[in-house]
Structure formats: C-alpha cells, structure tokens
$ cat upload12.pdb   # PDB, C-alpha atoms and all ligand atoms
ATOM      1  CA  MET Q   1     103.188  79.303 122.219
ATOM      2  CA  LEU Q   2     101.119  79.527 125.415
ATOM      3  CA  LEU Q   3     104.248  78.936 127.537
ATOM      4  CA  SER Q   4     105.699  82.017 125.884
ATOM      5  CA  LEU Q   5     102.480  84.070 126.131
ATOM      6  CA  LEU Q   6     102.412  83.264 129.868
ATOM      7  CA  ASP Q   7     106.090  84.241 130.135
ATOM      8  CA  LEU Q   8     107.014  80.890 131.707
ATOM      9  CA  ASP Q   9     110.484  79.346 131.660
ATOM     10  CA  TYR Q  10     110.542  76.158 129.656
ATOM     11  CA  GLU Q  11     112.850  73.870 127.777
ATOM     12  CA  THR Q  12     111.871  72.445 124.376
ATOM     13  CA  VAL Q  13     113.023  68.885 123.726
ATOM     14  CA  PRO Q  14     112.946  68.089 119.992
ATOM     15  CA  ILE Q  15     111.776  64.574 119.075
ATOM     16  CA  ASN Q  16     113.149  63.184 115.834
ATOM     17  CA  MET Q  17     109.997  61.741 114.293
ATOM     18  CA  ALA Q  18     111.808  60.741 111.092
ATOM     19  CA  ASP Q  19     113.787  58.337 113.293
ATOM     20  CA  MET Q  20     110.540  57.251 115.032
ATOM     21  CA  ALA Q  21     111.804  58.600 118.367
ATOM     22  CA  HIS Q  22     108.142  59.167 119.290
ATOM     23  CA  LYS Q  23     107.603  55.379 119.265
ATOM     24  CA  ALA Q  24     110.742  54.586 121.345
ATOM     25  CA  PRO Q  25     110.079  53.053 124.792
ATOM     26  CA  GLU Q  26     111.313  56.127 126.691
ATOM     27  CA  PHE Q  27     108.865  58.372 124.819
ATOM     28  CA  VAL Q  28     105.971  55.882 124.937
ATOM     29  CA  ALA Q  29     106.497  55.800 128.723
ATOM     30  CA  LEU Q  30     105.518  59.505 128.664
ATOM     31  CA  ASN Q  31     102.702  59.139 126.128
ATOM     32  CA  PRO Q  32     101.364  55.651 125.377
ATOM     33  CA  LEU Q  33      99.923  57.066 122.116
ATOM     34  CA  GLY Q  34     103.449  57.838 120.910
ATOM     35  CA  GLN Q  35     102.462  61.358 119.861
ATOM     36  CA  VAL Q  36     103.851  64.828 120.405
ATOM     37  CA  PRO Q  37     103.396  67.140 122.204
ATOM     38  CA  VAL Q  38     103.938  66.080 125.811
ATOM     39  CA  LEU Q  39     104.446  68.472 128.716
ATOM     40  CA  ASP Q  40     106.522  67.521 131.757
ATOM     41  CA  ASP Q  41     105.829  70.045 134.510
ATOM     42  CA  ASP Q  42     107.941  68.948 137.456
ATOM     43  CA  GLY Q  43     107.071  65.304 136.871
ATOM     44  CA  ASP Q  44     103.397  65.939 136.065
ATOM     45  CA  ILE Q  45     103.184  64.527 132.528
ATOM     46  CA  ILE Q  46     100.363  65.901 130.348
ATOM     47  CA  ARG Q  47      99.870  64.729 126.763
ATOM     48  CA  ASP Q  48      97.769  66.310 123.976
ATOM     49  CA  SER Q  49      98.012  69.954 122.959
ATOM     50  CA  GLN Q  50      94.448  70.879 123.987
ATOM     51  CA  ALA Q  51      94.938  69.251 127.403
ATOM     52  CA  ILE Q  52      98.281  71.020 127.797
ATOM     53  CA  LEU Q  53      96.667  74.383 126.976
ATOM     54  CA  VAL Q  54      93.918  73.831 129.553
ATOM     55  CA  TYR Q  55      96.415  72.726 132.196
ATOM     56  CA  LEU Q  56      98.762  75.677 131.641
ATOM     57  CA  ALA Q  57      95.933  78.227 131.607
ATOM     58  CA  ALA Q  58      94.355  76.778 134.769
ATOM     59  CA  LYS Q  59      97.651  76.585 136.623
ATOM     60  CA  TYR Q  60      99.513  79.660 135.399
ATOM     61  CA  GLY Q  61      96.966  81.800 133.578
ATOM     62  CA  ALA Q  62      96.041  83.978 136.570
ATOM     63  CA  GLY Q  63      92.372  83.891 135.613
ATOM     64  CA  GLY Q  64      92.981  84.691 131.941
ATOM     65  CA  TRP Q  65      92.970  82.319 128.945
ATOM     66  CA  LEU Q  66      90.355  79.936 130.449
ATOM     67  CA  PRO Q  67      86.990  81.224 131.775
ATOM     68  CA  ALA Q  68      86.903  78.572 134.525
ATOM     69  CA  ASP Q  69      84.199  80.389 136.553
ATOM     70  CA  ASP Q  70      81.773  80.929 133.683
ATOM     71  CA  PRO Q  71      80.098  77.642 132.659
ATOM     72  CA  SER Q  72      78.727  79.053 129.407
ATOM     73  CA  ALA Q  73      82.044  80.549 128.283
ATOM     74  CA  LEU Q  74      83.872  77.397 129.396
ATOM     75  CA  GLY Q  75      81.470  75.301 127.313
ATOM     76  CA  HIS Q  76      82.164  77.478 124.271
ATOM     77  CA  VAL Q  77      85.932  77.265 124.823
ATOM     78  CA  SER Q  78      85.551  73.461 124.925
ATOM     79  CA  GLU Q  79      83.587  73.564 121.654
ATOM     80  CA  TRP Q  80      86.484  75.318 119.948
ATOM     81  CA  LEU Q  81      89.117  73.075 121.520
ATOM     82  CA  SER Q  82      87.220  70.123 120.123
ATOM     83  CA  PHE Q  83      86.913  71.871 116.756
ATOM     84  CA  SER Q  84      90.699  72.297 116.638
ATOM     85  CA  ALA Q  85      91.283  68.601 117.451
ATOM     86  CA  ASN Q  86      88.738  67.435 114.863
ATOM     87  CA  GLU Q  87      87.794  69.719 111.966
ATOM     88  CA  MET Q  88      91.015  71.770 111.953
ATOM     89  CA  LEU Q  89      93.272  68.747 112.432
ATOM     90  CA  HIS Q  90      91.567  66.578 109.786
ATOM     91  CA  GLY Q  91      91.349  69.445 107.287
ATOM     92  CA  CYS Q  92      94.234  71.879 107.820
ATOM     93  CA  ALA Q  93      96.844  69.636 109.462
ATOM     94  CA  VAL Q  94      96.190  66.627 107.239
ATOM     95  CA  SER Q  95      96.451  68.744 104.024
ATOM     96  CA  ARG Q  96      99.725  70.105 105.320
ATOM     97  CA  ALA Q  97     101.139  66.697 106.276
ATOM     98  CA  LEU Q  98     100.204  65.207 102.886
ATOM     99  CA  VAL Q  99     102.067  67.998 101.073
ATOM    100  CA  LEU Q 100     105.047  68.482 103.412
ATOM    101  CA  PHE Q 101     105.796  64.821 103.971
ATOM    102  CA  ASN Q 102     104.753  63.731 100.492
ATOM    103  CA  ARG Q 103     102.318  61.191 101.946
ATOM    104  CA  GLU Q 104      99.725  59.134 100.123
ATOM    105  CA  GLY Q 105      96.194  60.266 100.883
ATOM    106  CA  ASP Q 106      93.153  62.202  99.780
ATOM    107  CA  LEU Q 107      94.636  65.700  99.471
ATOM    108  CA  GLU Q 108      91.590  67.215  97.756
ATOM    109  CA  GLY Q 109      89.313  65.705 100.416
ATOM    110  CA  ALA Q 110      91.488  67.123 103.213
ATOM    111  CA  ARG Q 111      91.577  70.546 101.504
ATOM    112  CA  SER Q 112      87.824  70.545 101.226
ATOM    113  CA  LEU Q 113      87.520  69.749 104.975
ATOM    114  CA  ALA Q 114      90.043  72.534 105.686
ATOM    115  CA  ARG Q 115      88.065  75.071 103.651
ATOM    116  CA  ARG Q 116      84.851  74.056 105.385
ATOM    117  CA  ALA Q 117      86.496  74.422 108.828
ATOM    118  CA  LEU Q 118      88.029  77.798 107.899
ATOM    119  CA  SER Q 119      84.627  79.008 106.656
ATOM    120  CA  VAL Q 120      83.011  78.078 109.974
ATOM    121  CA  LEU Q 121      85.810  79.896 111.810
ATOM    122  CA  ASP Q 122      85.480  82.883 109.477
ATOM    123  CA  SER Q 123      81.722  83.235 109.979
ATOM    124  CA  HIS Q 124      82.112  82.965 113.742
ATOM    125  CA  LEU Q 125      84.830  85.647 113.763
ATOM    126  CA  ALA Q 126      82.733  88.175 111.806
ATOM    127  CA  GLY Q 127      82.220  91.021 114.282
ATOM    128  CA  ARG Q 128      84.306  89.358 117.016
ATOM    129  CA  ASP Q 129      87.955  89.755 117.971
ATOM    130  CA  TRP Q 130      88.310  86.409 119.773
ATOM    131  CA  LEU Q 131      86.575  83.047 119.584
ATOM    132  CA  VAL Q 132      84.992  83.318 123.040
ATOM    133  CA  GLY Q 133      84.349  86.542 124.961
ATOM    134  CA  GLY Q 134      86.332  89.747 124.799
ATOM    135  CA  SER Q 135      89.869  88.450 125.315
ATOM    136  CA  PRO Q 136      92.008  85.624 123.964
ATOM    137  CA  THR Q 137      91.548  82.150 125.410
ATOM    138  CA  VAL Q 138      93.140  78.764 124.861
ATOM    139  CA  ALA Q 139      90.494  78.268 122.139
ATOM    140  CA  ASP Q 140      92.228  80.934 120.031
ATOM    141  CA  ILE Q 141      95.664  79.419 120.551
ATOM    142  CA  ALA Q 142      94.504  75.860 119.776
ATOM    143  CA  ASN Q 143      92.981  76.929 116.446
ATOM    144  CA  TYR Q 144      95.551  79.581 115.539
ATOM    145  CA  VAL Q 145      98.379  77.194 114.716
ATOM    146  CA  TYR Q 146      96.323  75.009 112.378
ATOM    147  CA  ALA Q 147      94.940  78.058 110.538
ATOM    148  CA  ALA Q 148      98.281  79.883 110.372
ATOM    149  CA  LEU Q 149     100.087  76.883 108.865
ATOM    150  CA  VAL Q 150      97.415  75.832 106.369
ATOM    151  CA  HIS Q 151      99.268  77.611 103.549
ATOM    152  CA  GLN Q 152     101.703  74.689 103.711
ATOM    153  CA  GLY Q 153      98.803  72.475 102.653
ATOM    154  CA  GLY Q 154      98.141  74.703  99.643
ATOM    155  CA  ILE Q 155      95.348  76.884 101.090
ATOM    156  CA  ASN Q 156      95.774  80.598 101.679
ATOM    157  CA  PRO Q 157      94.203  81.388 105.090
ATOM    158  CA  HIS Q 158      94.064  85.060 104.080
ATOM    159  CA  GLU Q 159      91.283  84.220 101.611
ATOM    160  CA  PHE Q 160      89.145  84.181 104.767
ATOM    161  CA  ALA Q 161      89.048  87.854 105.768
ATOM    162  CA  HIS Q 162      87.934  87.458 109.391
ATOM    163  CA  VAL Q 163      90.348  84.568 109.974
ATOM    164  CA  SER Q 164      93.108  86.689 108.464
ATOM    165  CA  ALA Q 165      92.418  89.636 110.809
ATOM    166  CA  TRP Q 166      92.265  87.266 113.805
ATOM    167  CA  LEU Q 167      95.619  85.666 112.868
ATOM    168  CA  GLY Q 168      97.066  89.183 112.961
ATOM    169  CA  ARG Q 169      95.556  89.811 116.410
ATOM    170  CA  VAL Q 170      97.160  86.628 117.788
ATOM    171  CA  GLU Q 171     100.490  87.587 116.223
ATOM    172  CA  ALA Q 172     100.304  91.017 117.921
ATOM    173  CA  LEU Q 173      99.910  89.538 121.437
ATOM    174  CA  ASP Q 174     102.692  90.223 123.935
ATOM    175  CA  GLY Q 175     104.789  87.084 124.143
ATOM    176  CA  TYR Q 176     103.689  85.724 120.742
ATOM    177  CA  ILE Q 177     106.482  83.489 119.588
ATOM    178  CA  ALA Q 178     107.108  82.534 115.980
ATOM    179  CA  MET Q 179     107.486  78.902 115.071
ATOM    180  CA  ALA Q 180     108.964  77.550 111.846
ATOM    181  CA  ALA Q 181     106.874  78.884 108.910
ATOM    182  CA  LEU Q 182     104.872  81.311 111.080
ATOM    183  CA  PRO Q 183     105.198  85.124 110.908
ATOM    184  CA  ALA Q 184     107.811  86.703 113.207
ATOM    185  CA  PRO Q 185     106.518  88.704 116.219
ATOM    186  CA  ASN Q 186     105.594  92.326 115.416
TER     187      ASN Q 186
HETATM  188  N1  LIG Q 201      95.182  65.560 119.578
HETATM  189  C1  LIG Q 201      96.614  65.481 119.655
HETATM  190  C2  LIG Q 201      97.187  65.029 118.334
HETATM  191  C3  LIG Q 201      98.669  64.794 118.456
HETATM  192  C4  LIG Q 201      99.265  64.348 117.141
HETATM  193  O1  LIG Q 201      98.565  63.833 116.241
HETATM  194  N2  LIG Q 201     100.568  64.542 117.006
HETATM  195  C5  LIG Q 201     101.245  64.133 115.805
HETATM  196  C6  LIG Q 201     102.270  65.170 115.384
HETATM  197  S1  LIG Q 201     101.568  66.766 115.208
HETATM  198  C7  LIG Q 201     102.006  62.859 116.094
HETATM  199  O2  LIG Q 201     102.706  62.770 117.089
HETATM  200  N3  LIG Q 201     101.838  61.884 115.208
HETATM  201  C8  LIG Q 201     102.522  60.639 115.320
HETATM  202  C9  LIG Q 201     101.571  59.469 115.445
HETATM  203  O3  LIG Q 201     100.352  59.680 115.564
HETATM  204  O4  LIG Q 201     102.065  58.344 115.428
HETATM  205  C10 LIG Q 201      97.180  66.849 120.041
HETATM  206  O5  LIG Q 201      96.607  67.861 119.658
HETATM  207  O6  LIG Q 201      98.187  66.871 120.754
END
$ encode --input "upload12.pdb" --output "structure tokens" --more "lines below"
Ligand SMILES: N[C@@H](CCC(=O)N[C@@H](CS)C(=O)NCC(=O)O)C(=O)O
Amino acid sequence: MLLSLLDLDYETVPINMADMAHKAPEFVALNPLGQVPVLDDDGDIIRDSQAILVYLAAKYGAGGWLPADDPSALGHVSEWLSFSANEMLHGCAVSRALVLFNREGDLEGARSLARRALSVLDSHLAGRDWLVGGSPTVADIANYVYAALVHQGGINPHEFAHVSAWLGRVEALDGYIAMAALPAPN
C-alpha cells in the first residue's frame, strides 16, 4: 500500500504459502524467518512490514510519512508500529487467520484481544485524524490493514466509530490501493 501511496514502480511476487513456498531455500535466503513480506529494492533486502514501511518512508517519502527530525513524533510513530506488530497482530490478524484458514486455536481469546486493541485505537483517534500529528504516517498504514480486515475474523471494525472514520480517511488518500477484501479506492 505504501509503495502505491508513494507512487513508486514495483512488482509484486506472490508466494504460495499453501505450498510452503515461504519455507523453500530460495525464500529463506531472503528472510531466514520464512515469513512474508520481504522487499527487494535493487538488492537491498528488507524483511518485516513495519521495517519495510520505515525504509520506504525514509528513502522515498520526501519528508512525509515518517517524522524523522522530530524525536517525540518519531517515538510515537514507533509506539504505534509496535502496537501493530503486537496487539493488532495477535488480536485482529490471529482472529482472521483462525477463521479464514480454519485453524485450531483460541478464537474467542483472539477476538477479545482484537476488541481491546481496537478500543485503544478508537480512544486515541477521538478528536484526531491521524495516529501521530496532523498528517498520515507509516503508523497509520501499519495499523490500517489489520483494522480494515478484522471483519474476516468476525469483528465489525465499524462498531468503533473513530476507527471507522479513520479507515475512511486512509481509503480516501491519493494512491490508496485496494487489496483483496478491502474497499475499492474512492
Ligand atoms: N512482524 C512481521 C510478521 C510477518 C508474518 O507473520 N507473516 C506471516 C504472513 S502475514 C507469515 O509469513 N507467516 C508464516 C510463518 O510465520 O511461518 C511483519 O509484520 O512482517
């Protein structure tokens, strides 16, 4: 999504996880964790979606998306990147994976973590357009996808009014690109 928001040329290489292509030697050579996503920018290989967001914003963001010169704002962006990789992943993404892939696991526990994470996000977004400062940052993008897809885990993100309005603001950005199961661009 950030590649598109930054209007960069890129090629998407699908990895067939059902066939365990993410654990094949050629993929593990790119990411020893055997996880997607991985970015290859002219031979510079960056793994992990939060790391990829930071890299792209720092390299191509022209001063937007990452408040690199403002230690306080940068600290708050890092808080929300961490929140996406922890609370949002373990709540929203795990609920979704348990439902979509019919996996064994504690679905009610994951849904309760998801609701708690969405409530924290909702309270923070009351009276604010973006997670940090007055314009969108990588913190918004990192959290957006988990919140926008949580309906696939059986939770309606629009029950959270401020989250719902913020999802709409992300979807109205120039260059917003839909992914499977996400709303089409306005
Ligand atoms: N913190 C990482 C998590 C990456 C991750 O868990 N990716 C999942 C798919 S969304 C994966 O590749 N799982 C396969 C595995 O862990 O073996 C990120 O945000 O990139």
$ closest_atom_pairs --input "upload12.pdb" --of "chain Q" --to "ligand LIG 201 (chain Q)" --cutoff "10 Å" --atoms "only C-alpha atoms and all ligand atoms" --output "JSON lines"
{"residue": "Q:Ile15", "atom": "CA", "partner": "Q:LIG201", "partner_atom": "O2", "distance": 9.5}
{"residue": "Q:Met17", "atom": "CA", "partner": "Q:LIG201", "partner_atom": "C8", "distance": 7.6}
{"residue": "Q:Met20", "atom": "CA", "partner": "Q:LIG201", "partner_atom": "O4", "distance": 8.6}
{"residue": "Q:Ala21", "atom": "CA", "partner": "Q:LIG201", "partner_atom": "C8", "distance": 10.0}
{"residue": "Q:His22", "atom": "CA", "partner": "Q:LIG201", "partner_atom": "O2", "distance": 6.9}
{"residue": "Q:Lys23", "atom": "CA", "partner": "Q:LIG201", "partner_atom": "O4", "distance": 7.4}
{"residue": "Q:Asn31", "atom": "CA", "partner": "Q:LIG201", "partner_atom": "O2", "distance": 9.7}
{"residue": "Q:Leu33", "atom": "CA", "partner": "Q:LIG201", "partner_atom": "O3", "distance": 7.1}
{"residue": "Q:Gly34", "atom": "CA", "partner": "Q:LIG201", "partner_atom": "O4", "distance": 5.7}
{"residue": "Q:Gln35", "atom": "CA", "partner": "Q:LIG201", "partner_atom": "O2", "distance": 3.1}
{"residue": "Q:Val36", "atom": "CA", "partner": "Q:LIG201", "partner_atom": "O2", "distance": 4.1}
{"residue": "Q:Pro37", "atom": "CA", "partner": "Q:LIG201", "partner_atom": "O6", "distance": 5.4}
{"residue": "Q:Val38", "atom": "CA", "partner": "Q:LIG201", "partner_atom": "O6", "distance": 7.7}
{"residue": "Q:Ile46", "atom": "CA", "partner": "Q:LIG201", "partner_atom": "O6", "distance": 9.9}
{"residue": "Q:Arg47", "atom": "CA", "partner": "Q:LIG201", "partner_atom": "O6", "distance": 6.6}
{"residue": "Q:Asp48", "atom": "CA", "partner": "Q:LIG201", "partner_atom": "O6", "distance": 3.3}
{"residue": "Q:Ser49", "atom": "CA", "partner": "Q:LIG201", "partner_atom": "O6", "distance": 3.8}
{"residue": "Q:Gln50", "atom": "CA", "partner": "Q:LIG201", "partner_atom": "O5", "distance": 5.7}
{"residue": "Q:Ala51", "atom": "CA", "partner": "Q:LIG201", "partner_atom": "O6", "distance": 7.8}
{"residue": "Q:Ile52", "atom": "CA", "partner": "Q:LIG201", "partner_atom": "O6", "distance": 8.2}
{"residue": "Q:Leu53", "atom": "CA", "partner": "Q:LIG201", "partner_atom": "O5", "distance": 9.8}
{"residue": "Q:Leu81", "atom": "CA", "partner": "Q:LIG201", "partner_atom": "O5", "distance": 9.3}
{"residue": "Q:Ser82", "atom": "CA", "partner": "Q:LIG201", "partner_atom": "N1", "distance": 9.2}
{"residue": "Q:Ser84", "atom": "CA", "partner": "Q:LIG201", "partner_atom": "O5", "distance": 8.0}
{"residue": "Q:Ala85", "atom": "CA", "partner": "Q:LIG201", "partner_atom": "N1", "distance": 5.4}
{"residue": "Q:Asn86", "atom": "CA", "partner": "Q:LIG201", "partner_atom": "N1", "distance": 8.2}
{"residue": "Q:Leu89", "atom": "CA", "partner": "Q:LIG201", "partner_atom": "C2", "distance": 8.0}
{"residue": "Q:His90", "atom": "CA", "partner": "Q:LIG201", "partner_atom": "O1", "distance": 9.9}
{"residue": "Q:Ala93", "atom": "CA", "partner": "Q:LIG201", "partner_atom": "S1", "distance": 8.0}
{"residue": "Q:Val94", "atom": "CA", "partner": "Q:LIG201", "partner_atom": "S1", "distance": 9.6}
{"residue": "Q:Ala97", "atom": "CA", "partner": "Q:LIG201", "partner_atom": "S1", "distance": 8.9}
{"residue": "Q:Ala142", "atom": "CA", "partner": "Q:LIG201", "partner_atom": "O5", "distance": 8.3}
$ atom_distance --input "upload12.pdb" --atom1 "atom CA of Q:Pro67" --atom2 "atom CA of Q:Leu167"
21.3 Å
$ atom_distance --input "upload12.pdb" --atom1 "atom CA of Q:Val99" --atom2 "atom CA of Q:Ala114"
13.7 Å
$ residues_around --input "upload12.pdb" --residues "Q:Trp166" --least-positions-apart "2" --cutoff "12 Å" --atoms "all atoms listed in the file" --output "NGL selection string"
:Q and (118 or 121-131 or 135-136 or 140-141 or 143-145 or 147-148 or 157-158 or 160-164 or 168-173)
$ atom_distance --input "upload12.pdb" --atom1 "atom CA of Q:Leu182" --atom2 "atom CA of Q:Trp80"
21.3 Å
$ resolve_selection --input "upload12.pdb" --expression "the PyMOL selection byres (((chain Q and resi 6) around 12) and not hetatm)" --output "VMD selection string"
chain Q and resid 1 to 5 7 to 10 53 56 to 65 137 to 138 173 to 177
$ write_last_selection --input "upload12.pdb" --atoms "C-alpha atoms" --output "mmCIF file, in the frame of the given file"
data_model
loop_
_atom_site.group_PDB
_atom_site.id
_atom_site.type_symbol
_atom_site.label_atom_id
_atom_site.label_comp_id
_atom_site.auth_asym_id
_atom_site.auth_seq_id
_atom_site.Cartn_x
_atom_site.Cartn_y
_atom_site.Cartn_z
ATOM 1 C CA MET Q 1 103.188 79.303 122.219
ATOM 2 C CA LEU Q 2 101.119 79.527 125.415
ATOM 3 C CA LEU Q 3 104.248 78.936 127.537
ATOM 4 C CA SER Q 4 105.699 82.017 125.884
ATOM 5 C CA LEU Q 5 102.480 84.070 126.131
ATOM 6 C CA ASP Q 7 106.090 84.241 130.135
ATOM 7 C CA LEU Q 8 107.014 80.890 131.707
ATOM 8 C CA ASP Q 9 110.484 79.346 131.660
ATOM 9 C CA TYR Q 10 110.542 76.158 129.656
ATOM 10 C CA LEU Q 53 96.667 74.383 126.976
ATOM 11 C CA LEU Q 56 98.762 75.677 131.641
ATOM 12 C CA ALA Q 57 95.933 78.227 131.607
ATOM 13 C CA ALA Q 58 94.355 76.778 134.769
ATOM 14 C CA LYS Q 59 97.651 76.585 136.623
ATOM 15 C CA TYR Q 60 99.513 79.660 135.399
ATOM 16 C CA GLY Q 61 96.966 81.800 133.578
ATOM 17 C CA ALA Q 62 96.041 83.978 136.570
ATOM 18 C CA GLY Q 63 92.372 83.891 135.613
ATOM 19 C CA GLY Q 64 92.981 84.691 131.941
ATOM 20 C CA TRP Q 65 92.970 82.319 128.945
ATOM 21 C CA THR Q 137 91.548 82.150 125.410
ATOM 22 C CA VAL Q 138 93.140 78.764 124.861
ATOM 23 C CA LEU Q 173 99.910 89.538 121.437
ATOM 24 C CA ASP Q 174 102.692 90.223 123.935
ATOM 25 C CA GLY Q 175 104.789 87.084 124.143
ATOM 26 C CA TYR Q 176 103.689 85.724 120.742
ATOM 27 C CA ILE Q 177 106.482 83.489 119.588
#
$ resolve_selection --input "upload12.pdb" --expression "the PyMOL selection byres (((chain Q and resi 108) around 12) and not hetatm)" --output "PyMOL selection string"
chain Q and resi 91-92+94-96+98-99+104-107+109-115+153-155
$ write_last_selection --input "upload12.pdb" --atoms "C-alpha atoms" --output "PDB file, in the coordinates of the input"
ATOM      1  CA  GLY Q  91      91.349  69.445 107.287  1.00  0.00           C
ATOM      2  CA  CYS Q  92      94.234  71.879 107.820  1.00  0.00           C
ATOM      3  CA  VAL Q  94      96.190  66.627 107.239  1.00  0.00           C
ATOM      4  CA  SER Q  95      96.451  68.744 104.024  1.00  0.00           C
ATOM      5  CA  ARG Q  96      99.725  70.105 105.320  1.00  0.00           C
ATOM      6  CA  LEU Q  98     100.204  65.207 102.886  1.00  0.00           C
ATOM      7  CA  VAL Q  99     102.067  67.998 101.073  1.00  0.00           C
ATOM      8  CA  GLU Q 104      99.725  59.134 100.123  1.00  0.00           C
ATOM      9  CA  GLY Q 105      96.194  60.266 100.883  1.00  0.00           C
ATOM     10  CA  ASP Q 106      93.153  62.202  99.780  1.00  0.00           C
ATOM     11  CA  LEU Q 107      94.636  65.700  99.471  1.00  0.00           C
ATOM     12  CA  GLY Q 109      89.313  65.705 100.416  1.00  0.00           C
ATOM     13  CA  ALA Q 110      91.488  67.123 103.213  1.00  0.00           C
ATOM     14  CA  ARG Q 111      91.577  70.546 101.504  1.00  0.00           C
ATOM     15  CA  SER Q 112      87.824  70.545 101.226  1.00  0.00           C
ATOM     16  CA  LEU Q 113      87.520  69.749 104.975  1.00  0.00           C
ATOM     17  CA  ALA Q 114      90.043  72.534 105.686  1.00  0.00           C
ATOM     18  CA  ARG Q 115      88.065  75.071 103.651  1.00  0.00           C
ATOM     19  CA  GLY Q 153      98.803  72.475 102.653  1.00  0.00           C
ATOM     20  CA  GLY Q 154      98.141  74.703  99.643  1.00  0.00           C
ATOM     21  CA  ILE Q 155      95.348  76.884 101.090  1.00  0.00           C
TER      22      ILE Q 155
END
$ residues_near_point --input "upload12.pdb" --point "(104.7, 79.5, 108.7)" --cutoff "8 Å" --atoms "only C-alpha atoms" --output "list in words"
Ala148, Leu149, His151, Gln152, Met179, Ala180, Ala181, Leu182 and Pro183 of chain Q
$ closest_residue --input "upload12.pdb" --among "Q:Asp70, Q:Glu79, Q:Glu159, Q:Glu11" --to "Q:Leu39" --atoms "only C-alpha atoms"
Q:Glu11
$ closest_residue --input "upload12.pdb" --among "Q:Ser119, Q:Arg103, Q:Ala139, Q:Val54" --to "Q:His76" --atoms "all atoms listed in the file"
Q:Ala139
$ axis_aligned_box --input "upload12.pdb" --around "stretch 79-96 of chain Q" --padding-each-side "3 Å" --output "JSON"
{"center_x": 91.7, "center_y": 70.9, "center_z": 112.8, "size_x": 22.1, "size_y": 14.7, "size_z": 23.6}
$ decode --input "upload12.pdb" --residues "stretch 150-161 of chain Q" --atoms "N, CA, C and O atoms" --output "PDB file, in the first residue's frame"
ATOM      1  N   VAL Q 150     -10.314  -6.901   9.899  1.00  0.00           N
ATOM      2  CA  VAL Q 150     -10.727  -7.662  11.083  1.00  0.00           C
ATOM      3  C   VAL Q 150     -12.133  -8.257  10.929  1.00  0.00           C
ATOM      4  O   VAL Q 150     -12.477  -9.230  11.604  1.00  0.00           O
ATOM      5  N   HIS Q 151     -12.920  -7.700   9.991  1.00  0.00           N
ATOM      6  CA  HIS Q 151     -14.247  -8.289   9.753  1.00  0.00           C
ATOM      7  C   HIS Q 151     -14.125  -9.763   9.346  1.00  0.00           C
ATOM      8  O   HIS Q 151     -15.015 -10.557   9.597  1.00  0.00           O
ATOM      9  N   GLN Q 152     -12.982 -10.114   8.724  1.00  0.00           N
ATOM     10  CA  GLN Q 152     -12.809 -11.514   8.330  1.00  0.00           C
ATOM     11  C   GLN Q 152     -12.587 -12.423   9.546  1.00  0.00           C
ATOM     12  O   GLN Q 152     -12.673 -13.641   9.422  1.00  0.00           O
ATOM     13  N   GLY Q 153     -12.300 -11.801  10.678  1.00  0.00           N
ATOM     14  CA  GLY Q 153     -12.177 -12.581  11.920  1.00  0.00           C
ATOM     15  C   GLY Q 153     -13.462 -12.539  12.722  1.00  0.00           C
ATOM     16  O   GLY Q 153     -13.509 -13.028  13.852  1.00  0.00           O
ATOM     17  N   GLY Q 154     -14.510 -11.920  12.145  1.00  0.00           N
ATOM     18  CA  GLY Q 154     -15.818 -11.923  12.804  1.00  0.00           C
ATOM     19  C   GLY Q 154     -16.063 -10.708  13.681  1.00  0.00           C
ATOM     20  O   GLY Q 154     -16.964 -10.711  14.512  1.00  0.00           O
ATOM     21  N   ILE Q 155     -15.263  -9.635  13.495  1.00  0.00           N
ATOM     22  CA  ILE Q 155     -15.472  -8.406  14.273  1.00  0.00           C
ATOM     23  C   ILE Q 155     -15.717  -7.278  13.275  1.00  0.00           C
ATOM     24  O   ILE Q 155     -14.990  -7.160  12.278  1.00  0.00           O
ATOM     25  N   ASN Q 156     -16.736  -6.478  13.545  1.00  0.00           N
ATOM     26  CA  ASN Q 156     -17.027  -5.365  12.643  1.00  0.00           C
ATOM     27  C   ASN Q 156     -16.251  -4.129  13.105  1.00  0.00           C
ATOM     28  O   ASN Q 156     -16.567  -3.579  14.154  1.00  0.00           O
ATOM     29  N   PRO Q 157     -15.227  -3.686  12.332  1.00  0.00           N
ATOM     30  CA  PRO Q 157     -14.427  -2.546  12.800  1.00  0.00           C
ATOM     31  C   PRO Q 157     -15.257  -1.276  12.894  1.00  0.00           C
ATOM     32  O   PRO Q 157     -14.909  -0.347  13.621  1.00  0.00           O
ATOM     33  N   HIS Q 158     -16.399  -1.244  12.180  1.00  0.00           N
ATOM     34  CA  HIS Q 158     -17.233  -0.041  12.184  1.00  0.00           C
ATOM     35  C   HIS Q 158     -18.053   0.112  13.473  1.00  0.00           C
ATOM     36  O   HIS Q 158     -18.713   1.111  13.678  1.00  0.00           O
ATOM     37  N   GLU Q 159     -17.969  -0.901  14.355  1.00  0.00           N
ATOM     38  CA  GLU Q 159     -18.533  -0.712  15.705  1.00  0.00           C
ATOM     39  C   GLU Q 159     -17.733   0.333  16.471  1.00  0.00           C
ATOM     40  O   GLU Q 159     -18.176   0.838  17.500  1.00  0.00           O
ATOM     41  N   PHE Q 160     -16.530   0.606  16.020  1.00  0.00           N
ATOM     42  CA  PHE Q 160     -15.637   1.563  16.691  1.00  0.00           C
ATOM     43  C   PHE Q 160     -15.654   2.838  15.848  1.00  0.00           C
ATOM     44  O   PHE Q 160     -15.009   2.913  14.798  1.00  0.00           O
ATOM     45  N   ALA Q 161     -16.441   3.826  16.286  1.00  0.00           N
ATOM     46  CA  ALA Q 161     -16.767   4.970  15.422  1.00  0.00           C
ATOM     47  C   ALA Q 161     -15.537   5.742  14.946  1.00  0.00           C
ATOM     48  O   ALA Q 161     -15.452   6.124  13.774  1.00  0.00           O
TER      49      ALA Q 161
END
